[in-house]
>>> print(open('entry.txt').read())   # compact mmCIF, C-alpha atoms
# COMPACT_ATOMS: atom_id res chain seq x y z
CA MET A 2 16.34 -35.89 5.89
CA LEU A 3 14.06 -37.25 8.62
CA LEU A 4 14.96 -37.75 12.26
CA PRO A 5 14.61 -41.29 13.69
CA LYS A 6 11.44 -41.69 15.79
CA ARG A 7 13.48 -42.75 18.83
CA LEU A 8 15.56 -39.56 18.58
CA LYS A 9 12.40 -37.47 18.20
CA ARG A 10 10.87 -38.99 21.34
CA ARG A 11 14.04 -38.33 23.35
CA MET A 12 14.20 -34.72 22.16
CA ILE A 13 10.55 -34.09 23.01
CA LYS A 14 11.12 -35.63 26.45
CA ASN A 15 14.02 -33.22 26.96
CA GLY A 16 11.83 -30.27 26.01
CA GLU A 17 13.36 -29.82 22.56
CA ASN A 18 11.50 -29.30 19.32
CA PRO A 19 12.70 -31.94 16.84
CA THR A 20 11.27 -30.13 13.81
CA GLU A 21 13.05 -26.88 14.65
CA LYS A 22 16.20 -28.86 15.47
CA LEU A 23 16.14 -30.39 11.98
CA LEU A 24 15.48 -26.96 10.43
CA ARG A 25 18.51 -25.49 12.18
CA LYS A 26 20.68 -28.51 11.26
CA LEU A 27 19.83 -28.29 7.55
CA ILE A 28 20.38 -24.55 7.51
CA SER A 29 23.76 -24.91 9.22
CA LEU A 30 24.86 -27.08 6.30
CA GLN A 31 24.38 -24.02 4.06
CA PHE A 32 27.07 -22.17 6.09
CA PRO A 33 25.02 -18.95 6.56
CA GLU A 34 26.27 -15.81 8.24
CA GLU A 35 23.09 -15.29 10.22
CA VAL A 36 19.84 -17.16 10.90
CA ASP A 37 16.50 -15.83 12.17
CA VAL A 38 14.17 -18.73 13.01
CA LEU A 39 10.56 -17.60 12.58
CA ASP A 40 8.96 -20.80 13.76
CA GLU A 41 9.72 -24.51 13.71
CA LYS A 42 9.45 -24.70 9.91
CA ASN A 43 10.46 -21.24 8.66
CA ALA A 44 13.61 -19.16 8.89
CA ILE A 45 15.29 -16.16 7.31
CA VAL A 46 18.88 -16.96 6.40
CA VAL A 47 21.51 -14.34 5.55
CA PHE A 48 24.42 -15.03 3.21
CA ARG A 49 27.18 -12.53 2.43
CA ASP A 50 28.37 -11.68 -1.05
CA ASN A 51 31.14 -9.10 -0.73
CA GLU A 52 29.36 -5.98 0.60
CA ASN A 53 25.88 -7.25 -0.25
CA ALA A 54 23.64 -9.60 1.67
CA LEU A 55 21.31 -12.25 0.31
CA LEU A 56 18.21 -12.77 2.47
CA VAL A 57 16.57 -16.15 1.87
CA HIS A 58 13.32 -17.50 3.30
CA TYR A 59 13.68 -21.26 3.84
CA ARG A 60 10.85 -23.61 4.80
CA LEU A 61 11.13 -27.17 6.12
CA LEU A 62 8.84 -29.36 4.04
CA GLY A 63 8.83 -33.15 4.08
CA GLY A 64 12.18 -33.21 5.82
CA LYS A 65 13.74 -31.05 3.09
CA LEU A 66 14.80 -27.40 3.06
CA ILE A 67 12.79 -25.48 0.45
CA LYS A 68 13.70 -21.97 -0.75
CA VAL A 69 10.47 -19.93 -0.72
CA SER A 70 11.78 -16.49 -1.67
CA GLN A 71 14.87 -14.33 -1.50
CA LYS A 72 15.93 -10.71 -1.52
CA VAL A 73 19.24 -8.97 -2.20
CA SER A 74 20.30 -6.15 0.12
CA PHE A 75 22.72 -3.89 -1.73
CA SER A 76 24.31 -2.55 1.41
CA TYR A 77 26.47 -4.00 4.15
CA ASP A 78 24.14 -2.36 6.67
CA TYR A 79 21.12 -4.46 5.75
CA PHE A 80 19.03 -3.96 8.90
CA GLU A 81 16.27 -2.04 7.12
CA ASP A 82 15.97 -4.65 4.37
CA LYS A 83 15.88 -7.47 6.89
CA PHE A 84 13.31 -5.63 8.97
CA ASP A 85 11.18 -5.32 5.84
CA PHE A 86 11.73 -8.97 5.03
CA ILE A 87 10.91 -10.50 8.40
CA ASN A 88 8.11 -8.16 9.47
CA GLN A 89 6.62 -9.91 12.51
CA LEU A 90 6.32 -13.36 11.02
CA SER A 91 5.41 -11.86 7.65
CA LEU A 92 7.43 -10.78 4.65
CA LEU A 93 7.02 -7.56 2.72
CA LYS A 94 7.35 -7.57 -1.03
CA ARG A 95 9.13 -4.40 -2.06
CA ALA A 96 7.74 -2.74 -5.16
CA ASN A 97 10.43 -1.67 -7.61
CA ASN A 98 12.99 -0.95 -4.87
CA ARG A 99 10.99 2.08 -3.77
CA GLU A 100 9.63 2.93 -0.33
CA ASP A 101 6.11 1.92 -1.34
CA PHE A 102 4.69 -1.55 -0.88
CA SER A 103 1.75 -2.84 -2.88
CA LEU A 104 1.49 -6.26 -1.27
CA THR A 105 2.30 -7.91 2.02
CA TYR A 106 3.39 -11.55 1.85
CA LYS A 107 2.55 -13.82 4.77
CA TYR A 108 5.18 -16.50 5.00
CA LYS A 109 3.16 -19.22 6.72
CA ASN A 110 0.75 -19.87 3.88
CA GLY A 111 2.36 -17.95 1.02
CA SER A 112 -0.64 -15.64 0.72
CA TYR A 113 -0.96 -11.87 0.45
CA ILE A 114 -2.73 -10.41 3.46
CA ILE A 115 -3.02 -6.86 2.12
CA LYS A 116 -5.31 -7.05 -0.89
CA ASP A 117 -3.91 -5.59 -4.06
CA GLY A 118 -5.85 -2.71 -5.56
CA ILE A 119 -7.05 -1.14 -2.28
CA TRP A 120 -4.08 0.98 -1.21
CA ASN A 121 -2.56 3.47 -3.61
CA THR A 122 0.68 3.31 -1.65
CA ILE A 123 2.01 1.57 1.44
CA THR A 124 5.02 3.43 2.78
CA PHE A 125 7.34 1.68 5.20
CA GLU A 126 9.99 4.36 5.49
CA GLY A 127 8.99 7.50 7.40
CA LYS A 128 10.78 10.65 8.47
CA ASN A 129 12.69 10.36 11.75
CA GLY A 130 12.22 6.58 11.66
CA LEU A 131 8.59 7.03 12.76
CA PHE A 132 7.20 3.82 11.25
CA LYS A 133 10.21 1.79 12.25
CA LYS A 134 9.91 3.08 15.82
CA TYR A 135 6.25 2.10 16.12
CA ARG A 136 6.60 -1.00 13.92
CA CYS A 137 4.00 -0.08 11.35
CA ALA A 138 3.51 1.14 7.81
CA LEU A 139 1.44 3.97 6.35
CA GLY A 140 -1.26 3.12 3.83
CA MET A 141 -2.87 5.75 1.62
CA ILE A 142 -6.10 5.53 -0.38
CA LYS A 143 -7.20 8.17 -2.86
CA ILE A 144 -10.96 8.02 -3.37
CA ALA A 145 -12.50 9.62 -6.46
CA SER A 146 -15.40 9.15 -8.83
CA ASP A 147 -15.22 6.36 -11.39
CA TYR A 148 -13.79 7.40 -14.75
CA GLU A 149 -16.15 7.80 -17.72
CA ASN A 150 -15.31 8.75 -21.29
CA ASP A 151 -17.20 12.04 -21.09
CA ASP A 152 -15.60 13.15 -17.82
CA ASN A 153 -13.29 15.58 -19.62
CA TYR A 154 -14.34 18.47 -21.86
CA SER A 155 -12.55 21.39 -23.50
CA PHE A 156 -13.34 24.77 -25.05
CA ILE A 157 -11.63 27.78 -26.56
CA ASN A 158 -11.69 30.72 -24.22
CA PRO A 159 -13.11 33.68 -26.22
CA VAL A 160 -11.04 36.19 -24.25
CA THR A 161 -7.57 34.65 -24.38
CA GLU A 162 -8.23 32.29 -27.31
CA GLU A 163 -6.48 29.50 -25.42
CA LYS A 164 -7.76 25.94 -25.21
CA VAL A 165 -8.97 25.06 -21.72
CA THR A 166 -9.52 21.47 -20.57
CA GLU A 167 -11.72 20.72 -17.59
CA THR A 168 -12.90 17.56 -15.86
CA PHE A 169 -16.03 16.50 -14.02
CA GLU A 170 -14.02 14.11 -11.86
CA VAL A 171 -14.84 14.45 -8.17
CA ASN A 172 -12.06 13.75 -5.65
CA ASP A 173 -13.05 12.80 -2.15
CA GLY A 174 -9.51 13.22 -0.90
CA ASN A 175 -6.72 11.13 0.58
CA TYR A 176 -7.28 8.68 3.41
CA TYR A 177 -4.43 7.33 5.53
CA ALA A 178 -4.23 4.33 7.83
CA ILE A 179 -1.55 3.09 10.19
CA LEU A 180 -1.02 -0.54 9.19
CA ASN A 181 0.14 -3.15 11.64
CA LEU A 182 2.78 -5.51 10.36
CA ASP A 183 0.19 -8.24 9.92
CA GLY A 184 -1.73 -6.04 7.49
CA THR A 185 -4.54 -4.98 9.85
CA ILE A 186 -5.46 -1.33 10.40
CA ARG A 187 -4.25 -0.06 13.76
CA GLY A 188 -7.15 1.21 15.86
CA ASN A 189 -9.42 0.50 12.87
CA LYS A 190 -9.19 4.21 12.05
CA LEU A 191 -8.70 6.18 8.84
CA PHE A 192 -7.29 9.72 8.72
CA LYS A 193 -8.42 12.11 6.00
CA GLY A 194 -6.25 15.04 4.91
CA ASN A 195 -4.10 16.50 2.17
CA SER A 196 -1.17 14.68 3.78
CA PHE A 197 -0.46 12.60 6.87
CA SER A 198 0.85 15.82 8.44
CA LYS A 199 -2.48 17.59 7.79
CA VAL A 200 -5.18 15.31 9.17
CA GLU A 201 -8.59 16.99 9.19
CA GLU A 202 -10.98 14.13 9.87
CA ILE A 203 -10.90 10.74 11.60
CA ILE A 204 -13.09 7.89 10.40
CA ASP A 205 -13.96 4.99 12.69
CA LEU A 206 -14.18 1.89 10.49
CA ASN A 207 -16.13 0.14 13.24
CA ASP A 208 -19.10 2.09 11.88
CA TYR A 209 -18.77 0.24 8.58
CA GLU A 210 -19.00 -3.38 7.58
CA SER A 211 -15.50 -3.27 6.10
CA LEU A 212 -12.90 -0.97 4.57
CA GLU A 213 -14.22 -1.92 1.14
CA THR A 214 -17.72 -0.88 2.24
CA PHE A 215 -16.44 2.54 3.28
CA ILE A 216 -14.58 3.03 0.00
CA GLU A 217 -17.63 2.00 -2.01
CA GLU A 218 -19.88 4.38 -0.07
CA ARG A 219 -17.57 7.37 -0.58
CA LYS A 220 -17.05 6.51 -4.25
CA ASN A 221 -20.83 6.35 -4.78
CA ILE A 222 -21.17 9.82 -3.27
CA CYS A 223 -18.47 11.10 -5.64
CA ASN A 224 -20.26 9.53 -8.60
CA GLU A 225 -23.58 11.14 -7.61
CA ILE A 226 -21.97 14.58 -7.27
CA LYS A 227 -20.27 14.14 -10.64
CA GLN A 228 -23.55 13.27 -12.38
CA ARG A 229 -25.25 16.31 -10.83
CA ASN A 230 -22.40 18.53 -12.01
CA LYS A 231 -22.67 17.12 -15.53
CA GLN A 232 -26.40 17.76 -15.61
CA TYR A 233 -25.96 21.31 -14.32
CA TYR A 234 -23.28 21.96 -16.94
CA MET A 235 -25.47 20.74 -19.80
CA GLU A 236 -28.37 22.88 -18.62
CA MET A 237 -26.10 25.93 -18.32
CA ILE A 238 -24.69 25.51 -21.83
CA ALA A 239 -28.18 25.05 -23.26
CA GLU A 240 -29.42 28.18 -21.48
CA LYS A 241 -26.48 30.29 -22.70
CA ASN A 242 -26.96 29.06 -26.27
CA ASN A 243 -24.00 31.11 -27.52
CA GLY A 244 -22.08 28.33 -29.26
CA SER A 245 -19.45 28.09 -26.54
CA ASN A 246 -18.87 25.15 -24.19
CA SER A 247 -17.35 27.41 -21.58
CA PRO A 248 -19.15 27.39 -18.23
CA TYR A 249 -17.50 30.66 -17.19
CA LEU A 250 -18.52 34.32 -17.39
CA ASP A 251 -16.46 35.05 -20.49
CA SER A 252 -19.03 37.32 -22.13
CA GLU A 253 -19.00 39.71 -19.18
CA VAL A 254 -15.19 39.75 -19.20
CA LEU A 255 -15.29 40.61 -22.90
CA ARG A 256 -17.84 43.35 -22.32
CA ILE A 257 -15.67 45.02 -19.69
CA LEU A 258 -12.57 44.53 -21.81
CA LYS A 259 -14.14 46.35 -24.75
CA MET A 260 -15.42 49.28 -22.74
CA LYS A 261 -14.02 52.64 -23.81
CA LYS A 262 -12.00 54.64 -21.31
>>> encode(input="entry.txt", output="structure tokens")
Amino acid sequence: MLLPKRLKRRMIKNGENPTEKLLRKLISLQFPEEVDVLDEKNAIVVFRDNENALLVHYRLLGGKLIKVSQKVSFSYDYFEDKFDFINQLSLLKRANNREDFSLTYKYKNGSYIIKDGIWNTITFEGKNGLFKKYRCALGMIKIASDYENDDNYSFINPVTEEKVTETFEVNDGNYYAILNLDGTIRGNKLFKGNSFSKVEEIIDLNDYESLETFIEERKNICNEIKQRNKQYYMEMIAEKNNGSNSPYLDSEVLRILKMKK
């Protein structure tokens, strides 16, 4: 459905947007319950199905209304789902109906603006409505050494005779970032800590070429520490030369254990 050129010119002269006008007209023919126009070619349309709501992203393309994506809200109070869906001219793709988001979908070009594989979790729901209040999400990255087949080792403890499994893996810790709704990092800062409630260090990403550069640098440090630990372990076992792979002071424990009263 295309508007006549004469009608377009008259609408533009009157300060109206003919493209948006056509978008609204075509959507009205769907008999929606609610419409949120994002721009002249995109809108979020809400349809009711009993107590549920169907959120649909429509795009005007070549004079036709195209369904880009949709989401079902299984609650009559669908504000949170719609807030997730619209997200400042972006759409969030919910992962498995949980609070975590692995990808952010940008409606204008259908691309993902938060790269997959960087964030371990992206949490949109916070206690006391914190993230909703400040219109943001919380991203978390766990940085550790790269896995290798010989990272794990085990031994039989000579004292307790139990099997003990250890790992050479080196964890750098958890890093958090406040994500704007367009996927950028607010303040370009990372927060390191056991949790977002226990921040111990602040990292200014302006000191790095990119977030990926920072992650790579910290991961390299973890890998170097891991290799040093492996080398130290091998030298320790060779020096003990007692047939045990245990790096601990088991022989001294045994000696004290066997002492007579």
>>> closest_residue(input="entry.txt", among="A:Val200, A:Met237, A:Leu66, A:Leu61", to="Gln31 in chain A", atoms="all atoms listed in the file")
A:Leu66
>>> closest_residue(input="entry.txt", among="A:Gln232, A:Asn242, A:Asn175, A:Thr214", to="Asn121 in chain A", atoms="all atoms listed in the file")
A:Asn175
>>> axis_aligned_box(input="entry.txt", around="range 200-215 of chain A", padding_each_side="4 Å", output="lines of an AutoDock Vina configuration file")
center_x = -12.1
center_y = 6.8
center_z = 7.2
size_x = 21.9
size_y = 28.4
size_z = 20.1
>>> residues_around(input="entry.txt", residues="Ile144 in chain A", least_positions_apart="2", cutoff="8 Å", atoms="all atoms listed in the file", output="PyMOL selection string")
chain A and resi 142+146+172-176+216+219-220
>>> residues_near_point(input="entry.txt", point="(10.4, -23.8, 0.9)", cutoff="6 Å", atoms="all atoms listed in the file", output="list in words")
Tyr59, Arg60, Ile67, Lys68 and Val69 of chain A
>>> closest_residue(input="entry.txt", among="A:Asp40, A:Asn207, A:Phe169, A:Lys133", to="Glu225 in chain A", atoms="all atoms listed in the file")
A:Phe169
>>> atom_distance(input="entry.txt", atom1="CA of Ile123 in chain A", atom2="CA of Leu39 in chain A")
23.8 Å
>>> residues_around(input="entry.txt", residues="Glu170 in chain A", least_positions_apart="6", cutoff="8 Å", atoms="all atoms listed in the file", output="JSON, numbers by chain")
{"A": [145, 146, 147, 148, 152, 153, 227]}
>>> write_last_selection(input="entry.txt", atoms="C-alpha atoms", output="PDB file, in the frame of the given file")
ATOM      1  CA  ALA A 145     -12.500   9.620  -6.460  1.00  0.00           C
ATOM      2  CA  SER A 146     -15.400   9.150  -8.830  1.00  0.00           C
ATOM      3  CA  ASP A 147     -15.220   6.360 -11.390  1.00  0.00           C
ATOM      4  CA  TYR A 148     -13.790   7.400 -14.750  1.00  0.00           C
ATOM      5  CA  ASP A 152     -15.600  13.150 -17.820  1.00  0.00           C
ATOM      6  CA  ASN A 153     -13.290  15.580 -19.620  1.00  0.00           C
ATOM      7  CA  LYS A 227     -20.270  14.140 -10.640  1.00  0.00           C
TER       8      LYS A 227
END
>>> closest_residue(input="entry.txt", among="A:Leu23, A:Tyr177, A:Leu258, A:Thr124", to="Gly194 in chain A", atoms="all atoms listed in the file")
A:Tyr177
>>> atom_distance(input="entry.txt", atom1="CA of Phe32 in chain A", atom2="CA of Phe48 in chain A")
8.1 Å
>>> closest_residue(input="entry.txt", among="A:Lys199, A:Phe215, A:Glu41, A:Arg49", to="Pro19 in chain A", atoms="all atoms listed in the file")
A:Glu41
>>> atom_distance(input="entry.txt", atom1="CA of Tyr135 in chain A", atom2="CA of Glu34 in chain A")
28.0 Å
>>> residues_around(input="entry.txt", residues="Lys72 in chain A", least_positions_apart="3", cutoff="7 Å", atoms="only C-alpha atoms", output="PyMOL selection string")
chain A and resi 55-57
>>> closest_residue(input="entry.txt", among="A:Ser245, A:Ser211, A:Ser198, A:Thr185", to="Ser155 in chain A", atoms="all atoms listed in the file")
A:Ser245
